[in-house]
$ cat my_file_30.txt   # compact mmCIF, C-alpha atoms
# COMPACT_ATOMS: atom_id res chain seq x y z
CA MET A 865 110.26 60.27 76.21
CA ARG A 866 112.18 60.68 79.41
CA ASN A 867 110.39 60.33 82.70
CA LYS A 868 107.05 59.31 81.32
CA ASN A 869 105.92 58.50 84.85
CA PHE A 870 106.11 62.11 85.87
CA CYS A 871 102.81 63.04 84.27
CA TRP A 872 101.06 60.42 86.32
CA LEU A 873 102.65 61.76 89.47
CA LEU A 874 101.19 65.14 88.72
CA LEU A 875 97.79 63.68 87.93
CA LEU A 876 97.72 61.89 91.25
CA PRO A 877 96.80 64.92 93.36
CA ALA A 878 94.26 65.83 90.70
CA LEU A 879 92.61 62.45 91.04
CA LEU A 880 92.70 62.69 94.81
CA PHE A 881 91.07 66.09 94.73
CA SER A 882 88.43 65.14 92.23
CA THR A 883 87.41 61.99 94.09
CA ALA A 884 87.27 63.88 97.35
CA ILE A 885 85.36 66.79 95.93
CA PHE A 886 83.17 65.52 93.12
CA ALA A 887 81.90 62.27 94.61
CA GLN A 888 78.26 63.12 94.03
CA ASP A 889 76.82 59.88 95.39
CA ASN A 890 78.55 60.49 98.68
CA GLY A 891 76.33 62.56 100.96
CA ALA A 892 79.22 63.73 103.11
CA SER A 893 81.12 65.19 100.18
CA GLU A 894 78.00 66.80 98.87
CA SER A 895 77.51 68.69 102.09
CA LEU A 896 81.24 69.45 102.25
CA MET A 897 80.97 71.33 98.96
CA ARG A 898 78.08 73.38 100.31
CA SER A 899 79.51 74.01 103.78
CA ASN A 900 81.29 77.16 104.95
CA GLY A 901 79.57 79.43 102.46
CA LYS A 902 80.56 77.08 99.58
CA ILE A 903 84.22 78.09 99.92
CA TYR A 904 85.22 74.59 98.75
CA VAL A 905 83.79 75.42 95.33
CA VAL A 906 86.29 78.28 95.08
CA VAL A 907 89.06 75.93 96.19
CA ALA A 908 88.06 73.37 93.55
CA ILE A 909 88.08 76.02 90.82
CA CYS A 910 91.43 77.52 91.83
CA VAL A 911 93.03 74.08 92.11
CA THR A 912 91.65 73.14 88.69
CA ILE A 913 93.09 76.32 87.14
CA LEU A 914 96.42 75.71 88.85
CA LEU A 915 96.52 72.09 87.66
CA GLY A 916 95.70 73.16 84.12
CA LEU A 917 98.54 75.68 84.17
CA PHE A 918 100.95 73.12 85.59
CA LEU A 919 100.05 70.59 82.92
CA TYR A 920 100.64 73.29 80.30
CA VAL A 921 104.05 74.21 81.72
CA VAL A 922 105.00 70.53 81.91
CA SER A 923 104.05 70.04 78.26
CA ILE A 924 106.15 73.06 77.26
CA ASP A 925 109.02 71.69 79.34
CA LYS A 926 108.81 68.37 77.52
CA LYS A 927 108.59 70.02 74.12
CA ILE A 928 111.74 72.03 74.83
CA GLY A 929 113.42 68.84 76.03
CA LYS A 930 112.69 67.23 72.69
CA ILE A 931 114.02 70.21 70.74
CA GLU A 932 117.13 70.24 72.94
CA LYS A 933 117.76 66.61 72.10
CA ASP A 934 117.76 67.45 68.38
CA ASN A 935 119.69 70.70 68.60
CA LEU A 936 122.28 70.64 71.37
CA MET B 93 111.36 66.45 82.06
CA ARG B 94 114.70 67.62 83.28
CA LYS B 95 115.40 67.41 87.02
CA SER B 96 111.78 66.90 87.81
CA TRP B 97 111.83 66.59 91.62
CA TRP B 98 111.74 70.31 92.33
CA LYS B 99 109.07 70.80 89.70
CA ILE B 100 106.90 68.30 91.53
CA LEU B 101 107.70 70.21 94.72
CA THR B 102 106.53 73.41 93.00
CA ALA B 103 103.20 71.83 92.14
CA VAL B 104 102.75 70.34 95.60
CA LEU B 105 103.60 73.57 97.43
CA LEU B 106 101.31 75.73 95.30
CA LEU B 107 98.45 73.22 95.44
CA TYR B 108 98.89 73.29 99.21
CA THR B 109 98.81 77.08 99.17
CA PHE B 110 95.68 77.17 97.03
CA THR B 111 93.78 74.78 99.32
CA ALA B 112 95.04 75.60 102.81
CA GLY B 113 95.12 79.27 101.88
CA PHE B 114 91.34 79.28 101.46
CA LEU B 115 90.45 76.86 104.23
CA ILE B 116 92.49 77.59 107.35
CA LYS B 117 91.14 79.84 110.09
CA VAL B 118 92.53 83.36 109.87
CA PRO B 119 92.64 86.06 112.54
CA ASN B 120 90.30 89.03 112.21
CA VAL B 121 92.49 92.08 111.63
CA GLY B 122 91.06 95.55 111.12
CA ASN B 123 88.88 95.84 108.02
CA LEU B 124 90.77 93.07 106.21
CA LYS B 125 88.23 90.32 107.03
CA GLU B 126 88.73 87.41 104.59
CA THR B 127 91.07 89.44 102.37
CA ILE B 128 93.84 88.71 104.87
CA ARG B 129 94.12 85.48 102.85
CA ASN B 130 95.80 87.57 100.16
CA LEU B 131 98.80 87.18 102.43
CA PHE B 132 99.09 83.68 100.96
CA PHE B 133 99.00 84.86 97.36
CA HIS B 134 99.87 88.51 96.82
CA VAL B 135 102.65 88.81 99.43
CA PRO B 136 104.53 85.53 98.79
CA MET B 137 104.50 86.32 95.08
CA TRP B 138 106.33 89.57 95.86
CA PHE B 139 108.81 87.64 97.98
CA GLY B 140 109.36 85.27 95.06
CA GLN B 141 109.68 88.25 92.73
CA ILE B 142 112.47 89.77 94.82
CA ILE B 143 114.25 86.42 94.95
CA LEU B 144 114.04 86.10 91.14
CA LEU B 145 115.48 89.61 90.68
CA THR B 146 118.23 88.68 93.15
CA ILE B 147 119.10 85.64 91.05
CA SER B 148 119.18 87.92 88.01
CA LEU B 149 121.53 90.27 89.89
CA ILE B 150 123.86 87.41 90.80
CA TYR B 151 124.14 86.32 87.17
CA SER B 152 124.83 89.90 86.10
CA ILE B 153 127.69 90.12 88.61
CA TRP B 154 128.83 86.71 87.45
CA TYR B 155 128.88 87.92 83.86
CA LEU B 156 131.10 90.86 84.77
CA ARG B 157 133.50 88.52 86.55
CA LYS B 158 133.53 85.99 83.73
CA PRO B 159 132.05 87.25 80.44
CA ASP B 160 130.16 84.22 79.23
CA LEU B 161 127.02 84.99 77.18
CA LYS B 162 125.24 82.18 79.01
CA TYR B 163 125.17 84.28 82.19
CA ASP B 164 123.74 87.21 80.26
CA ILE B 165 120.88 85.00 79.08
CA TYR B 166 120.26 83.79 82.66
CA ALA B 167 120.24 87.34 84.01
CA GLU B 168 117.85 88.61 81.37
CA THR B 169 115.42 85.74 81.68
CA PHE B 170 115.18 85.87 85.47
CA ALA B 171 114.67 89.63 85.27
CA ARG B 172 111.86 89.13 82.74
CA THR B 173 110.05 86.65 84.99
CA GLY B 174 110.59 89.03 87.92
CA ILE B 175 109.08 91.88 85.92
CA LEU B 176 106.06 89.72 85.02
CA MET B 177 105.53 88.88 88.69
CA GLY B 178 105.97 92.55 89.55
CA ILE B 179 103.19 93.54 87.15
CA LEU B 180 100.94 90.82 88.57
CA GLY B 181 101.80 91.97 92.09
CA LEU B 182 100.90 95.55 91.25
CA ILE B 183 97.55 94.50 89.75
CA THR B 184 96.65 92.14 92.60
CA GLY B 185 97.71 94.78 95.11
CA SER B 186 95.45 97.34 93.46
CA ILE B 187 92.49 94.98 93.59
CA TRP B 188 93.15 94.30 97.27
CA ALA B 189 93.60 98.01 97.97
CA THR B 190 90.29 98.90 96.33
CA TYR B 191 88.40 97.00 99.00
CA THR B 192 90.56 97.70 102.04
CA TRP B 193 92.10 101.15 101.48
CA GLY B 194 89.16 102.46 99.46
CA GLU B 195 90.85 103.01 96.11
CA PRO B 196 93.12 101.04 93.80
CA TRP B 197 95.86 103.67 93.89
CA SER B 198 96.30 105.76 96.99
CA ASN B 199 99.85 106.97 96.32
CA ASP B 200 101.11 104.73 99.07
CA PRO B 201 104.93 105.00 99.24
CA LYS B 202 105.31 101.33 98.44
CA GLN B 203 102.97 101.54 95.46
CA ILE B 204 104.90 104.50 94.10
CA GLY B 205 108.24 102.81 94.85
CA VAL B 206 107.26 99.67 93.03
CA ALA B 207 105.89 101.61 90.07
CA ILE B 208 109.20 103.48 89.72
CA ALA B 209 111.13 100.24 90.13
CA LEU B 210 109.11 98.56 87.39
CA LEU B 211 109.81 101.47 85.07
CA ILE B 212 113.53 101.10 85.83
CA TYR B 213 113.32 97.41 84.95
CA PHE B 214 111.34 98.16 81.77
CA ALA B 215 114.21 100.44 80.85
CA TYR B 216 116.53 97.46 81.37
CA LEU B 217 114.68 95.59 78.62
CA VAL B 218 114.63 98.64 76.36
CA LEU B 219 118.35 99.18 76.95
CA ARG B 220 119.09 95.58 75.99
CA ASN B 221 117.28 95.95 72.69
CA ALA B 222 118.99 99.26 71.99
CA VAL B 223 122.50 97.81 71.85
CA PRO B 224 123.10 95.78 68.69
CA ASP B 225 126.55 94.47 69.63
CA ILE B 226 126.02 91.30 71.66
CA ASP B 227 129.01 91.52 73.98
CA LYS B 228 128.53 95.21 74.58
CA ARG B 229 124.85 94.63 75.25
CA ALA B 230 125.66 91.94 77.80
CA LYS B 231 128.16 94.13 79.62
CA VAL B 232 126.11 97.34 79.63
CA SER B 233 122.94 95.56 80.72
CA ALA B 234 124.79 93.67 83.45
CA VAL B 235 126.00 96.96 84.88
CA TYR B 236 122.55 98.48 84.52
CA ASN B 237 120.90 95.47 86.16
CA ILE B 238 123.11 95.84 89.23
CA PHE B 239 122.20 99.53 89.40
CA ALA B 240 118.50 98.71 88.98
CA TYR B 241 118.53 96.16 91.79
CA PHE B 242 120.18 98.46 94.28
CA ILE B 243 117.73 101.27 93.54
CA TYR B 244 114.83 98.78 93.70
CA LEU B 245 115.55 97.49 97.22
CA PRO B 246 115.60 100.92 98.91
CA LEU B 247 112.46 101.88 96.99
CA ILE B 248 110.42 99.01 98.39
CA MET B 249 112.22 98.05 101.58
CA ILE B 250 113.64 101.23 103.11
CA LEU B 251 111.69 104.28 101.89
CA PRO B 252 108.24 102.89 102.85
CA ARG B 253 109.54 102.43 106.40
CA LEU B 254 110.69 106.01 106.70
CA VAL B 255 107.36 107.58 105.81
CA GLU B 256 103.76 106.87 106.73
CA SER B 257 102.48 103.95 104.73
CA LEU B 258 99.26 102.03 104.34
CA HIS B 259 101.31 98.87 104.04
CA PRO B 260 102.31 97.29 107.33
CA GLY B 261 105.61 98.51 108.75
CA GLY B 262 105.36 102.20 107.89
CA LYS B 263 106.55 105.02 110.10
CA GLY B 264 105.43 104.57 113.69
CA VAL B 265 104.36 100.97 113.14
CA GLN B 266 106.34 98.02 114.43
CA GLY B 267 107.53 95.30 112.17
CA ASN B 268 108.51 94.37 108.68
CA PRO B 269 106.86 96.09 105.71
CA GLY B 270 106.26 92.74 104.04
CA LEU B 271 104.52 91.02 106.91
CA ASN B 272 103.70 92.56 110.23
CA GLY B 273 104.64 90.16 113.01
CA ALA B 274 101.40 90.66 114.91
CA ASP B 275 99.17 90.11 111.86
CA LEU B 276 100.69 86.78 110.93
CA ASP B 277 99.81 84.11 113.48
CA ALA B 278 101.41 80.67 113.68
CA THR B 279 98.97 78.86 111.38
CA MET B 280 99.30 81.56 108.74
CA ARG B 281 103.07 81.16 108.74
CA LEU B 282 102.55 77.48 107.95
CA VAL B 283 100.96 78.49 104.67
CA PHE B 284 102.90 81.68 104.05
CA TRP B 285 106.43 80.29 103.86
CA PRO B 286 105.60 77.25 101.70
CA ALA B 287 103.85 79.73 99.42
CA VAL B 288 107.01 81.84 99.19
CA ILE B 289 109.02 78.77 98.19
CA GLY B 290 106.29 77.65 95.79
CA TRP B 291 106.09 81.00 93.95
CA THR B 292 109.88 81.23 93.80
CA LEU B 293 110.17 77.74 92.34
CA LEU B 294 107.40 78.40 89.80
CA GLY B 295 109.19 81.56 88.68
CA THR B 296 112.45 79.64 88.44
CA TRP B 297 110.76 76.89 86.44
CA ILE B 298 109.30 79.33 83.92
CA SER B 299 112.67 81.11 83.73
CA THR B 300 114.55 77.89 83.03
CA LEU B 301 112.14 77.11 80.19
CA ASN B 302 112.91 80.48 78.60
CA ILE B 303 116.62 80.02 79.25
CA ARG B 304 116.59 76.67 77.46
CA ILE B 305 114.79 78.21 74.48
CA ASN B 306 117.32 81.07 74.36
CA LEU B 307 120.26 78.68 74.65
CA ILE B 308 118.99 76.76 71.62
CA ARG B 309 118.26 79.97 69.70
CA ASP B 310 121.70 81.42 70.40
CA LYS B 311 123.66 78.19 70.25
CA ASN B 312 125.73 79.42 67.32
CA LEU B 313 126.76 82.52 69.25
CA LEU B 314 127.49 80.51 72.37
CA ASN B 315 129.56 77.92 70.56
CA ALA B 316 131.48 80.56 68.66
CA GLU B 317 133.42 81.57 71.76

$ encode --input "my_file_30.txt" --output "structure tokens"
Amino acid sequence: MRNKNFCWLLLLPALLFSTAIFAQDNGASESLMRSNGKIYVVVAICVTILLGLFLYVVSIDKKIGKIEKDNL
Amino acid sequence: MRKSWWKILTAVLLLYTFTAGFLIKVPNVGNLKETIRNLFFHVPMWFGQIILLTISLIYSIWYLRKPDLKYDIYAETFARTGILMGILGLITGSIWATYTWGEPWSNDPKQIGVAIALLIYFAYLVLRNAVPDIDKRAKVSAVYNIFAYFIYLPLIMILPRLVESLHPGGKGVQGNPGLNGADLDATMRLVFWPAVIGWTLLGTWISTLNIRINLIRDKNLLNAE
């Protein structure tokens, strides 16, 4: 597979977000999630949806790349 | 992944939009309250939509200059993604309108204009499927696509400015119908323009995926020339 590293690059922001947002043992993060009318919860959900969609598009992209290799 | 740098850029820009868009401080304008944040989602998606349809237009012109079926595939695919974004824009706009203008459909000139424009573009797809001969289809739909684009722009850019409109920039109101200068402060611009680029790139990405599928599907036709 070409550019195997790419997937990890995309996962990097995901990891950053999840450590910043879901660190339950960290009191500061806990209060961050509940501050400002819990708007950060909405952010976390929207970012998760967006990341899921991106991963899906990337997987389609790779699949097409494979088919191209065989067909063109 | 082919040419992955701009795809990473797409992800970064949209992730930025979806975090900063919810978190930055926004000005209090009229009865918009927090819904002014739709300016980071609904409006940039329309900007991206117009850019995608412009790309489609360019490929249609290109096809008429140099009849290569490849350009026909490009034009069709970008138009399809543009139509998808147009439908999403109409739905998101209606949701926004329900809570700021009081009803999902208030016969606002821009709403009507966009609805007509979408029907014109639907007809583009119908027209394509109605012509069995491939070369004729490509030529006729290229001509039609150019027509559709130049009726679309006046419908959403010019007509809403000439009459009274609920959208910003109507008759008697200063500014651009897409974004009113006074409503968009400096911090909002910092999210708005990256969002425009992000939505445009995402649309381009999805379009290129479909183009690649079509190129494989039609490779016998393409190689036959």

$ interface_residues --input "my_file_30.txt" --of "chain B" --to "chain A" --cutoff "7 Å" --atoms "only C-alpha atoms" --output "PyMOL selection string"
chain B and resi 93+107+110-111+114+301+305+308

$ closest_residue --input "my_file_30.txt" --among "B:Tyr155, B:Ser198, B:Tyr241, B:Thr184" --to "Ile212 (chain B)" --atoms "only C-alpha atoms"
B:Tyr241

$ atom_distance --input "my_file_30.txt" --atom1 "CA of Val283 (chain B)" --atom2 "CA of Leu254 (chain B)"
29.3 Å

$ atom_distance --input "my_file_30.txt" --atom1 "CA of Thr146 (chain B)" --atom2 "CA of Phe170 (chain B)"
8.7 Å

$ residues_around --input "my_file_30.txt" --residues "Ala189 (chain B)" --least-positions-apart "5" --cutoff "12 Å" --atoms "only C-alpha atoms" --output "NGL selection string"
:B and (123-124 or 127-128 or 130 or 134 or 181-184 or 194-200 or 203 or 258-259)

$ atom_distance --input "my_file_30.txt" --atom1 "CA of Gly178 (chain B)" --atom2 "CA of Lys202 (chain B)"
12.5 Å

$ residues_around --input "my_file_30.txt" --residues "Thr109 (chain B)" --least-positions-apart "3" --cutoff "9 Å" --atoms "all atoms listed in the file" --output "ChimeraX atom specification"
/B:104-106,112-114,132-133,283-284,286-287,290

$ residues_around --input "my_file_30.txt" --residues "Leu156 (chain B)" --least-positions-apart "2" --cutoff "8 Å" --atoms "all atoms listed in the file" --output "list of chain:residue names"
B:Ser152, B:Ile153, B:Trp154, B:Lys158, B:Pro159, B:Lys231, B:Ala234, B:Val235

$ write_last_selection --input "my_file_30.txt" --atoms "C-alpha atoms" --output "tab-separated table (two decimals), in the coordinates of the input"
chain	number	residue	atom	x	y	z
B	152	SER	CA	124.83	89.90	86.10
B	153	ILE	CA	127.69	90.12	88.61
B	154	TRP	CA	128.83	86.71	87.45
B	158	LYS	CA	133.53	85.99	83.73
B	159	PRO	CA	132.05	87.25	80.44
B	231	LYS	CA	128.16	94.13	79.62
B	234	ALA	CA	124.79	93.67	83.45
B	235	VAL	CA	126.00	96.96	84.88

$ closest_residue --input "my_file_30.txt" --among "B:Tyr151, B:Trp98, B:Tyr191, B:Trp285" --to "Asn237 (chain B)" --atoms "all atoms listed in the file"
B:Tyr151

$ decode --input "my_file_30.txt" --residues "region 203-217 of chain B" --atoms "all heavy atoms" --output "compact mmCIF listing (two decimals), in the first residue's frame"
# COMPACT_ATOMS: atom_id res chain seq x y z
N GLN B 203 -33.98 31.94 -1.57
CA GLN B 203 -34.50 30.57 -1.46
C GLN B 203 -35.12 30.14 -2.78
O GLN B 203 -34.84 29.05 -3.30
CB GLN B 203 -35.55 30.48 -0.34
CG GLN B 203 -34.97 30.49 1.05
CD GLN B 203 -36.06 30.36 2.11
OE1 GLN B 203 -37.16 30.88 1.95
NE2 GLN B 203 -35.76 29.69 3.19
N ILE B 204 -35.97 31.02 -3.33
CA ILE B 204 -36.63 30.68 -4.59
C ILE B 204 -35.60 30.51 -5.70
O ILE B 204 -35.64 29.54 -6.47
CB ILE B 204 -37.65 31.78 -4.97
CG1 ILE B 204 -38.76 31.84 -3.92
CG2 ILE B 204 -38.24 31.50 -6.34
CD1 ILE B 204 -39.72 32.99 -4.13
N GLY B 205 -34.64 31.46 -5.75
CA GLY B 205 -33.60 31.40 -6.77
C GLY B 205 -32.83 30.10 -6.74
O GLY B 205 -32.59 29.45 -7.77
N VAL B 206 -32.46 29.69 -5.53
CA VAL B 206 -31.69 28.47 -5.40
C VAL B 206 -32.52 27.25 -5.76
O VAL B 206 -32.04 26.29 -6.38
CB VAL B 206 -31.11 28.38 -3.97
CG1 VAL B 206 -30.92 26.95 -3.55
CG2 VAL B 206 -29.79 29.12 -3.91
N ALA B 207 -33.82 27.28 -5.38
CA ALA B 207 -34.68 26.16 -5.71
C ALA B 207 -34.79 26.00 -7.23
O ALA B 207 -34.70 24.89 -7.77
CB ALA B 207 -36.07 26.35 -5.10
N ILE B 208 -34.98 27.13 -7.93
CA ILE B 208 -35.05 27.08 -9.40
C ILE B 208 -33.73 26.56 -9.96
O ILE B 208 -33.70 25.68 -10.83
CB ILE B 208 -35.36 28.48 -9.97
CG1 ILE B 208 -36.74 28.96 -9.51
CG2 ILE B 208 -35.28 28.47 -11.49
CD1 ILE B 208 -37.01 30.42 -9.82
N ALA B 209 -32.63 27.10 -9.42
CA ALA B 209 -31.31 26.70 -9.92
C ALA B 209 -31.09 25.20 -9.75
O ALA B 209 -30.57 24.53 -10.65
CB ALA B 209 -30.23 27.47 -9.19
N LEU B 210 -31.52 24.67 -8.60
CA LEU B 210 -31.34 23.23 -8.38
C LEU B 210 -32.15 22.43 -9.40
O LEU B 210 -31.68 21.41 -9.92
CB LEU B 210 -31.74 22.85 -6.95
CG LEU B 210 -30.64 23.00 -5.90
CD1 LEU B 210 -31.18 22.63 -4.53
CD2 LEU B 210 -29.43 22.15 -6.24
N LEU B 211 -33.37 22.92 -9.68
CA LEU B 211 -34.18 22.21 -10.68
C LEU B 211 -33.47 22.23 -12.04
O LEU B 211 -33.48 21.23 -12.77
CB LEU B 211 -35.57 22.86 -10.78
CG LEU B 211 -36.49 22.63 -9.59
CD1 LEU B 211 -37.78 23.40 -9.75
CD2 LEU B 211 -36.78 21.15 -9.42
N ILE B 212 -32.87 23.38 -12.37
CA ILE B 212 -32.14 23.47 -13.64
C ILE B 212 -30.99 22.44 -13.67
O ILE B 212 -30.76 21.78 -14.69
CB ILE B 212 -31.60 24.90 -13.84
CG1 ILE B 212 -32.76 25.87 -14.04
CG2 ILE B 212 -30.63 24.96 -15.02
CD1 ILE B 212 -32.35 27.32 -14.09
N TYR B 213 -30.31 22.31 -12.53
CA TYR B 213 -29.20 21.35 -12.49
C TYR B 213 -29.70 19.90 -12.46
O TYR B 213 -29.05 19.00 -12.99
CB TYR B 213 -28.28 21.63 -11.31
CG TYR B 213 -27.21 22.63 -11.68
CD1 TYR B 213 -27.31 23.97 -11.34
CD2 TYR B 213 -26.10 22.24 -12.42
CE1 TYR B 213 -26.35 24.89 -11.71
CE2 TYR B 213 -25.13 23.15 -12.80
CZ TYR B 213 -25.26 24.47 -12.43
OH TYR B 213 -24.30 25.37 -12.81
N PHE B 214 -30.87 19.67 -11.83
CA PHE B 214 -31.46 18.32 -11.92
C PHE B 214 -31.72 17.99 -13.39
O PHE B 214 -31.45 16.87 -13.84
CB PHE B 214 -32.79 18.25 -11.16
CG PHE B 214 -32.65 18.24 -9.67
CD1 PHE B 214 -33.68 18.69 -8.85
CD2 PHE B 214 -31.48 17.78 -9.07
CE1 PHE B 214 -33.55 18.69 -7.47
CE2 PHE B 214 -31.35 17.78 -7.69
CZ PHE B 214 -32.38 18.25 -6.89
N ALA B 215 -32.22 19.00 -14.12
CA ALA B 215 -32.51 18.78 -15.53
C ALA B 215 -31.23 18.43 -16.29
O ALA B 215 -31.26 17.67 -17.26
CB ALA B 215 -33.17 20.02 -16.13
N TYR B 216 -30.11 18.99 -15.84
CA TYR B 216 -28.82 18.65 -16.45
C TYR B 216 -28.56 17.14 -16.37
O TYR B 216 -28.20 16.50 -17.35
CB TYR B 216 -27.71 19.44 -15.74
CG TYR B 216 -26.30 19.02 -16.07
CD1 TYR B 216 -25.74 19.29 -17.31
CD2 TYR B 216 -25.50 18.37 -15.11
CE1 TYR B 216 -24.43 18.92 -17.60
CE2 TYR B 216 -24.21 18.00 -15.39
CZ TYR B 216 -23.67 18.28 -16.64
OH TYR B 216 -22.38 17.91 -16.92
N LEU B 217 -28.83 16.58 -15.18
CA LEU B 217 -28.60 15.14 -15.01
C LEU B 217 -29.59 14.33 -15.83
O LEU B 217 -29.24 13.30 -16.42
CB LEU B 217 -28.71 14.77 -13.52
CG LEU B 217 -27.70 15.46 -12.60
CD1 LEU B 217 -27.93 15.03 -11.16
CD2 LEU B 217 -26.28 15.15 -13.02
